[in-house]
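Asks: Below you will find the structure I want to go over with you.
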Amino acid sequence: MTRRERFALAFYDQAKSDWDVYNSLAKLRLARCHELHYLQMACEKLAKAYALRKVDADVDSVTEQHVAFHSFINAYLRSPAVAKAYAGQDARHRELCKTSGTIAREIEKLAPAVDRKAFPENAEYPWERGDTVLTPCKYSFPALSLLEEPGGRAFLRLVAEVVRDYTPTA
Amino acid sequence: MPTKEEVIRSLVSHHFRVEAGLEQILVIPGEAAEPIKLLEVNANTFPSGTVDVFAFSPTQDVPFVTEIAEVTPEEFERLKRRDLSLPAGWTLVGATAVHRPAA
């Protein structure tokens, strides 16, 4: 196994573990920030695991720099396997692309690598809005309420599929 | 088995149908044995400051590894100015630009 494949598999294993924790936390009805934190971490690592499938990927660059999860989801949605699954259902596929792209971006905004000045809401640390200090465990994350809607459930099924179908080489 | 060119035409057409924000798709040149490489300029995506490429496995209909990256129109301008870099194995030299078909 090459260094790239070893890292690809390692990122996948960690992503899958984060995804399992997300699913466990989602059933416990704790403060929402905790499950979202694990969902964001799973998604970020999945994007890296897929970026490392490119045979000439720059391993150090992928492992050390932020890989955009929304770019990954958009690419995945246009991958041959998803196209095949939605063959003859362009309207449904289009709707999935639209909703999933929006949710992926909202999840990505929770990542520590994303500009905290532009997007202060995050799942770990308090932030300030005007005179108010907001706490993740008391915040409802309204932008991610989409996750509870049909489009959100479709997005989560998509992530589950990404986790299930992974191999370190395309 | 469909040729690589036929598969590319089919993929490009499908991508325009399912993503309304796609302005153009650049087919990055490569040897026959190399993956299909598509750089997609998407007005509906968000700038990330890098070009992340993701590789997908062949299927019965697409019997080639397919690599897909997307950038915003502004990032594409930066790529053309060489203000942003493409990853290893990707070049705009000799790339075929396919624009969104008129509605």
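We label chains A, B, ... in the order they appear in the structure tokens, count residues from 1 in each chain, and number ligands from 1 in the order shown.
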Tell me which protein, DNA and RNA residues are within 8 Å of segment 133-148 of chain A, counting only C-alpha atoms, leaving out same-chain ones fewer than 3 positions away, and put them as a count of residues only.

Replies: 21

Asks: Please provide the set of residues having any atom within 12 Å of Tyr12 of chain A, restricted to only C-alpha atoms, with same-chain residues fewer than 6 positions apart removed, written as a list of chain:residue names.

Replies: A:Glu5, A:Arg6, A:Asp18, A:Trp19, A:Met41, A:Ala42, A:Cys43, A:Glu44, A:Lys45, A:Leu46, A:Ala47, A:Lys48, A:Ala49, A:Tyr50, A:Ala51, A:Leu52, A:Arg53, A:Val162, A:Val163, A:Arg164, A:Asp165, A:Tyr166, A:Thr167, A:Pro168, A:Thr169

Asks: Grab the residues selected above and save them as a compact mmCIF listing (two decimals), in the first residue's frame with N, CA and C atoms.

Replies:
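So the final result, stored in out03.txt, reads:
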```
# COMPACT_ATOMS: atom_id res chain seq x y z
N GLU A 5 -2.34 5.82 -0.14
CA GLU A 5 -3.43 4.89 0.20
C GLU A 5 -3.53 4.69 1.72
N ARG A 6 -2.38 4.68 2.38
CA ARG A 6 -2.41 4.50 3.85
C ARG A 6 -3.12 5.70 4.50
N ASP A 18 -16.08 8.94 13.39
CA ASP A 18 -16.79 10.20 13.70
C ASP A 18 -18.27 10.09 13.30
N TRP A 19 -18.52 9.46 12.17
CA TRP A 19 -19.89 9.29 11.68
C TRP A 19 -20.69 8.40 12.64
N MET A 41 -16.91 16.93 11.57
CA MET A 41 -15.60 16.26 11.52
C MET A 41 -15.63 15.05 10.57
N ALA A 42 -16.73 14.31 10.60
CA ALA A 42 -16.85 13.15 9.69
C ALA A 42 -16.81 13.64 8.24
N CYS A 43 -17.54 14.71 7.96
CA CYS A 43 -17.62 15.21 6.58
C CYS A 43 -16.26 15.72 6.10
N GLU A 44 -15.56 16.44 6.96
CA GLU A 44 -14.25 16.99 6.57
C GLU A 44 -13.28 15.85 6.24
N LYS A 45 -13.29 14.81 7.06
CA LYS A 45 -12.35 13.70 6.83
C LYS A 45 -12.75 12.86 5.62
N LEU A 46 -14.05 12.75 5.37
CA LEU A 46 -14.49 12.03 4.17
C LEU A 46 -14.00 12.74 2.92
N ALA A 47 -14.09 14.07 2.92
CA ALA A 47 -13.61 14.84 1.75
C ALA A 47 -12.12 14.58 1.53
N LYS A 48 -11.35 14.54 2.62
CA LYS A 48 -9.91 14.26 2.49
C LYS A 48 -9.67 12.84 2.00
N ALA A 49 -10.44 11.89 2.53
CA ALA A 49 -10.27 10.49 2.12
C ALA A 49 -10.53 10.35 0.62
N TYR A 50 -11.53 11.06 0.12
CA TYR A 50 -11.82 11.00 -1.33
C TYR A 50 -10.79 11.77 -2.14
N ALA A 51 -10.31 12.90 -1.61
CA ALA A 51 -9.28 13.66 -2.34
C ALA A 51 -8.01 12.81 -2.47
N LEU A 52 -7.77 11.94 -1.51
CA LEU A 52 -6.57 11.10 -1.53
C LEU A 52 -6.72 9.88 -2.45
N ARG A 53 -7.87 9.73 -3.07
CA ARG A 53 -8.02 8.65 -4.06
C ARG A 53 -7.38 9.03 -5.39
N VAL A 162 -21.80 7.52 1.14
CA VAL A 162 -20.39 7.87 0.92
C VAL A 162 -19.52 7.05 1.86
N VAL A 163 -19.96 6.92 3.11
CA VAL A 163 -19.21 6.15 4.11
C VAL A 163 -19.19 4.67 3.71
N ARG A 164 -20.35 4.16 3.33
CA ARG A 164 -20.47 2.73 3.05
C ARG A 164 -19.66 2.30 1.82
N ASP A 165 -19.64 3.16 0.79
CA ASP A 165 -19.06 2.75 -0.50
C ASP A 165 -17.58 3.04 -0.66
N TYR A 166 -16.94 3.54 0.37
CA TYR A 166 -15.55 4.01 0.19
C TYR A 166 -14.55 2.87 -0.04
N THR A 167 -13.65 3.12 -0.97
CA THR A 167 -12.45 2.29 -1.12
C THR A 167 -11.29 3.28 -1.31
N PRO A 168 -10.08 2.94 -0.85
CA PRO A 168 -9.00 3.93 -0.93
C PRO A 168 -8.49 4.21 -2.34
N THR A 169 -8.91 3.40 -3.30
CA THR A 169 -8.53 3.63 -4.69
C THR A 169 -9.78 3.64 -5.54
```

Asks: Give me the residues of chain A that have any atom at most 10 Å from an atom of chain B; for each, the nearest atom pair and the distance in Å, rounded to one decimal. Use only C-alpha atoms, sort by chain and number, and format it as JSON lines.

Replies:
```
{"residue": "A:Ala47", "atom": "CA", "partner": "B:Phe54", "partner_atom": "CA", "distance": 8.1}
{"residue": "A:Lys48", "atom": "CA", "partner": "B:Phe54", "partner_atom": "CA", "distance": 9.0}
{"residue": "A:Ala49", "atom": "CA", "partner": "B:Phe54", "partner_atom": "CA", "distance": 9.2}
{"residue": "A:Tyr50", "atom": "CA", "partner": "B:Phe54", "partner_atom": "CA", "distance": 5.7}
{"residue": "A:Ala51", "atom": "CA", "partner": "B:Phe54", "partner_atom": "CA", "distance": 4.8}
{"residue": "A:Leu52", "atom": "CA", "partner": "B:Phe54", "partner_atom": "CA", "distance": 7.8}
{"residue": "A:Arg53", "atom": "CA", "partner": "B:Ala55", "partner_atom": "CA", "distance": 5.7}
{"residue": "A:Lys54", "atom": "CA", "partner": "B:Ala55", "partner_atom": "CA", "distance": 5.4}
{"residue": "A:Val55", "atom": "CA", "partner": "B:Ala55", "partner_atom": "CA", "distance": 8.6}
{"residue": "A:Asp56", "atom": "CA", "partner": "B:Ala88", "partner_atom": "CA", "distance": 6.5}
{"residue": "A:Ala57", "atom": "CA", "partner": "B:Ala88", "partner_atom": "CA", "distance": 7.0}
{"residue": "A:Asp58", "atom": "CA", "partner": "B:Ala88", "partner_atom": "CA", "distance": 7.6}
{"residue": "A:Val62", "atom": "CA", "partner": "B:Asp52", "partner_atom": "CA", "distance": 8.6}
{"residue": "A:Gln65", "atom": "CA", "partner": "B:Thr50", "partner_atom": "CA", "distance": 9.4}
{"residue": "A:His66", "atom": "CA", "partner": "B:Ser48", "partner_atom": "CA", "distance": 8.7}
{"residue": "A:Val67", "atom": "CA", "partner": "B:Asp52", "partner_atom": "CA", "distance": 6.6}
{"residue": "A:Ala68", "atom": "CA", "partner": "B:Ser48", "partner_atom": "CA", "distance": 6.2}
{"residue": "A:Phe69", "atom": "CA", "partner": "B:Asp52", "partner_atom": "CA", "distance": 9.5}
{"residue": "A:His70", "atom": "CA", "partner": "B:Thr45", "partner_atom": "CA", "distance": 7.8}
{"residue": "A:Ser71", "atom": "CA", "partner": "B:Glu70", "partner_atom": "CA", "distance": 6.4}
{"residue": "A:Phe72", "atom": "CA", "partner": "B:Phe54", "partner_atom": "CA", "distance": 6.7}
{"residue": "A:Ile73", "atom": "CA", "partner": "B:Phe54", "partner_atom": "CA", "distance": 9.7}
{"residue": "A:Asn74", "atom": "CA", "partner": "B:Glu70", "partner_atom": "CA", "distance": 8.1}
{"residue": "A:Ala75", "atom": "CA", "partner": "B:Ile68", "partner_atom": "CA", "distance": 5.8}
{"residue": "A:Tyr76", "atom": "CA", "partner": "B:Phe56", "partner_atom": "CA", "distance": 7.7}
{"residue": "A:Leu77", "atom": "CA", "partner": "B:Val18", "partner_atom": "CA", "distance": 9.2}
{"residue": "A:Arg78", "atom": "CA", "partner": "B:His15", "partner_atom": "CA", "distance": 6.3}
{"residue": "A:Ser79", "atom": "CA", "partner": "B:Phe56", "partner_atom": "CA", "distance": 6.3}
{"residue": "A:Pro80", "atom": "CA", "partner": "B:Val62", "partner_atom": "CA", "distance": 6.3}
{"residue": "A:Ala81", "atom": "CA", "partner": "B:Thr59", "partner_atom": "CA", "distance": 6.4}
{"residue": "A:Ala83", "atom": "CA", "partner": "B:His14", "partner_atom": "CA", "distance": 7.9}
{"residue": "A:Lys84", "atom": "CA", "partner": "B:Asp61", "partner_atom": "CA", "distance": 7.7}
{"residue": "A:Ala87", "atom": "CA", "partner": "B:His14", "partner_atom": "CA", "distance": 9.6}
{"residue": "A:Gln89", "atom": "CA", "partner": "B:Val18", "partner_atom": "CA", "distance": 9.6}
{"residue": "A:Asp90", "atom": "CA", "partner": "B:Val18", "partner_atom": "CA", "distance": 6.1}
{"residue": "A:Ala91", "atom": "CA", "partner": "B:Val18", "partner_atom": "CA", "distance": 7.4}
{"residue": "A:Arg92", "atom": "CA", "partner": "B:Val18", "partner_atom": "CA", "distance": 8.8}
{"residue": "A:His93", "atom": "CA", "partner": "B:Val18", "partner_atom": "CA", "distance": 6.3}
{"residue": "A:Arg94", "atom": "CA", "partner": "B:Val18", "partner_atom": "CA", "distance": 4.4}
{"residue": "A:Glu95", "atom": "CA", "partner": "B:Val18", "partner_atom": "CA", "distance": 8.2}
{"residue": "A:Leu96", "atom": "CA", "partner": "B:Val18", "partner_atom": "CA", "distance": 9.1}
{"residue": "A:Cys97", "atom": "CA", "partner": "B:Glu19", "partner_atom": "CA", "distance": 6.9}
{"residue": "A:Lys98", "atom": "CA", "partner": "B:Glu19", "partner_atom": "CA", "distance": 7.7}
{"residue": "A:Gly101", "atom": "CA", "partner": "B:Thr45", "partner_atom": "CA", "distance": 7.8}
{"residue": "A:Thr102", "atom": "CA", "partner": "B:Thr45", "partner_atom": "CA", "distance": 9.0}
{"residue": "A:Arg105", "atom": "CA", "partner": "B:Phe46", "partner_atom": "CA", "distance": 8.0}
{"residue": "A:Val114", "atom": "CA", "partner": "B:Ser48", "partner_atom": "CA", "distance": 9.4}
{"residue": "A:Tyr166", "atom": "CA", "partner": "B:Ser57", "partner_atom": "CA", "distance": 9.7}
{"residue": "A:Thr167", "atom": "CA", "partner": "B:Ser57", "partner_atom": "CA", "distance": 9.0}
{"residue": "A:Thr169", "atom": "CA", "partner": "B:Ser57", "partner_atom": "CA", "distance": 7.9}
{"residue": "A:Ala170", "atom": "CA", "partner": "B:Ser57", "partner_atom": "CA", "distance": 4.3}
```

Asks: Could you pull out the strand (DSSP E or B) residues of chain B, going by DSSP on the backbone, and write them as a VMD selection string?

Replies: chain B and resid 22 to 27 36 to 42 54 to 56 66 to 71 96 to 99

Asks: Between atom CA of Leu79 of chain B and atom CA of Arg100 of chain B, what is the spacing in Å?

Replies: 19.6 Å
